[in-house]
Structure formats: C-alpha cells, structure tokens
Amino acid sequence: MSGDKSENTKPPAPEEPEDHEEEHNTQGTMVLMLLFLVLIIGVWGTMFLLLLERG
C-alpha cells in the first residue's frame, strides 16, 4: 500500500453557490419579442383587411 494514492482520492467537491444570484439582462429578449409581436399583428391585420376587401 505504500505509494498507492488512490485510497483518499475523491472527486472535487462542487463549489458552493454564492449568496447573490446573477441578474440576467432580458432587455434584448423583450425587444425581440415585442418586434415579433408587432410583426405578427401587422401581418394578421393586413390579411384581415385584404379578406374584407375581397368579401
């Protein structure tokens, strides 16, 4: 057993999470979602008006 280092070999302990949580900046995501929503509403409105014209 001399020279055998595998007896006390353990995987490293996971790091403890810090007390503060990281704040994620979701401003870009919200802007993209709003642009997508405006685009969907615009396309829907255009098709709705087109259907009313052809009525």
# chains A, B, ... in the order shown; residues from 1 in each chain; ligands from 1
>>> select_by_dssp(residues="stretch 3-51 of chain A", states="helix (DSSP H, G or I)", output="PyMOL selection string")
chain A and resi 27-51
>>> atom_distance(atom1="atom CA of A:Met30", atom2="atom CA of A:Phe48")
26.5 Å
>>> atom_distance(atom1="atom CA of A:Gly28", atom2="atom CA of A:Ile41")
20.0 Å
>>> decode(residues="chain A", atoms="C-alpha atoms", output="PDB file, in the first residue's frame")
ATOM      1  CA  MET A   1       0.000   0.000   0.000  1.00  0.00           C
ATOM      2  CA  SER A   2       2.943   2.265   0.059  1.00  0.00           C
ATOM      3  CA  GLY A   3       2.812   4.692  -2.845  1.00  0.00           C
ATOM      4  CA  ASP A   4      -0.860   3.953  -3.521  1.00  0.00           C
ATOM      5  CA  LYS A   5      -2.566   7.332  -3.709  1.00  0.00           C
ATOM      6  CA  SER A   6      -5.992   6.080  -4.754  1.00  0.00           C
ATOM      7  CA  GLU A   7      -7.205   5.451  -1.184  1.00  0.00           C
ATOM      8  CA  ASN A   8      -8.057   9.089  -0.433  1.00  0.00           C
ATOM      9  CA  THR A   9      -8.809  10.201  -3.966  1.00  0.00           C
ATOM     10  CA  LYS A  10     -12.220  11.848  -4.088  1.00  0.00           C
ATOM     11  CA  PRO A  11     -13.803  13.887  -6.845  1.00  0.00           C
ATOM     12  CA  PRO A  12     -13.537  17.599  -6.165  1.00  0.00           C
ATOM     13  CA  ALA A  13     -16.393  18.956  -4.120  1.00  0.00           C
ATOM     14  CA  PRO A  14     -18.819  21.140  -6.076  1.00  0.00           C
ATOM     15  CA  GLU A  15     -18.361  24.819  -5.481  1.00  0.00           C
ATOM     16  CA  GLU A  16     -20.850  26.367  -3.120  1.00  0.00           C
ATOM     17  CA  PRO A  17     -23.146  28.859  -4.839  1.00  0.00           C
ATOM     18  CA  GLU A  18     -22.559  32.426  -3.809  1.00  0.00           C
ATOM     19  CA  ASP A  19     -25.193  34.254  -1.797  1.00  0.00           C
ATOM     20  CA  HIS A  20     -26.135  36.611  -4.620  1.00  0.00           C
ATOM     21  CA  GLU A  21     -27.742  35.406  -7.808  1.00  0.00           C
ATOM     22  CA  GLU A  22     -26.628  36.804 -11.122  1.00  0.00           C
ATOM     23  CA  GLU A  23     -29.143  39.190 -12.611  1.00  0.00           C
ATOM     24  CA  HIS A  24     -29.844  38.391 -16.229  1.00  0.00           C
ATOM     25  CA  ASN A  25     -30.442  41.275 -18.585  1.00  0.00           C
ATOM     26  CA  THR A  26     -33.571  40.372 -20.546  1.00  0.00           C
ATOM     27  CA  GLN A  27     -33.992  43.744 -22.243  1.00  0.00           C
ATOM     28  CA  GLY A  28     -32.836  42.445 -25.642  1.00  0.00           C
ATOM     29  CA  THR A  29     -35.135  39.446 -25.428  1.00  0.00           C
ATOM     30  CA  MET A  30     -38.103  41.658 -24.618  1.00  0.00           C
ATOM     31  CA  VAL A  31     -37.329  43.956 -27.567  1.00  0.00           C
ATOM     32  CA  LEU A  32     -37.152  40.986 -29.941  1.00  0.00           C
ATOM     33  CA  MET A  33     -40.410  39.564 -28.585  1.00  0.00           C
ATOM     34  CA  LEU A  34     -42.168  42.913 -28.978  1.00  0.00           C
ATOM     35  CA  LEU A  35     -40.880  43.273 -32.560  1.00  0.00           C
ATOM     36  CA  PHE A  36     -42.096  39.773 -33.341  1.00  0.00           C
ATOM     37  CA  LEU A  37     -45.496  40.550 -31.805  1.00  0.00           C
ATOM     38  CA  VAL A  38     -45.806  43.767 -33.824  1.00  0.00           C
ATOM     39  CA  LEU A  39     -44.851  41.863 -36.981  1.00  0.00           C
ATOM     40  CA  ILE A  40     -47.467  39.167 -36.321  1.00  0.00           C
ATOM     41  CA  ILE A  41     -50.161  41.770 -35.623  1.00  0.00           C
ATOM     42  CA  GLY A  42     -49.196  43.684 -38.772  1.00  0.00           C
ATOM     43  CA  VAL A  43     -49.353  40.607 -40.990  1.00  0.00           C
ATOM     44  CA  TRP A  44     -52.630  39.482 -39.419  1.00  0.00           C
ATOM     45  CA  GLY A  45     -54.145  42.945 -39.858  1.00  0.00           C
ATOM     46  CA  THR A  46     -53.034  43.135 -43.494  1.00  0.00           C
ATOM     47  CA  MET A  47     -54.578  39.750 -44.277  1.00  0.00           C
ATOM     48  CA  PHE A  48     -57.759  40.669 -42.402  1.00  0.00           C
ATOM     49  CA  LEU A  49     -58.181  43.885 -44.387  1.00  0.00           C
ATOM     50  CA  LEU A  50     -57.422  42.049 -47.630  1.00  0.00           C
ATOM     51  CA  LEU A  51     -60.134  39.494 -46.858  1.00  0.00           C
ATOM     52  CA  LEU A  52     -62.611  42.272 -46.029  1.00  0.00           C
ATOM     53  CA  GLU A  53     -61.885  43.985 -49.369  1.00  0.00           C
ATOM     54  CA  ARG A  54     -62.444  40.793 -51.331  1.00  0.00           C
ATOM     55  CA  GLY A  55     -65.516  39.957 -49.176  1.00  0.00           C
TER      56      GLY A  55
END
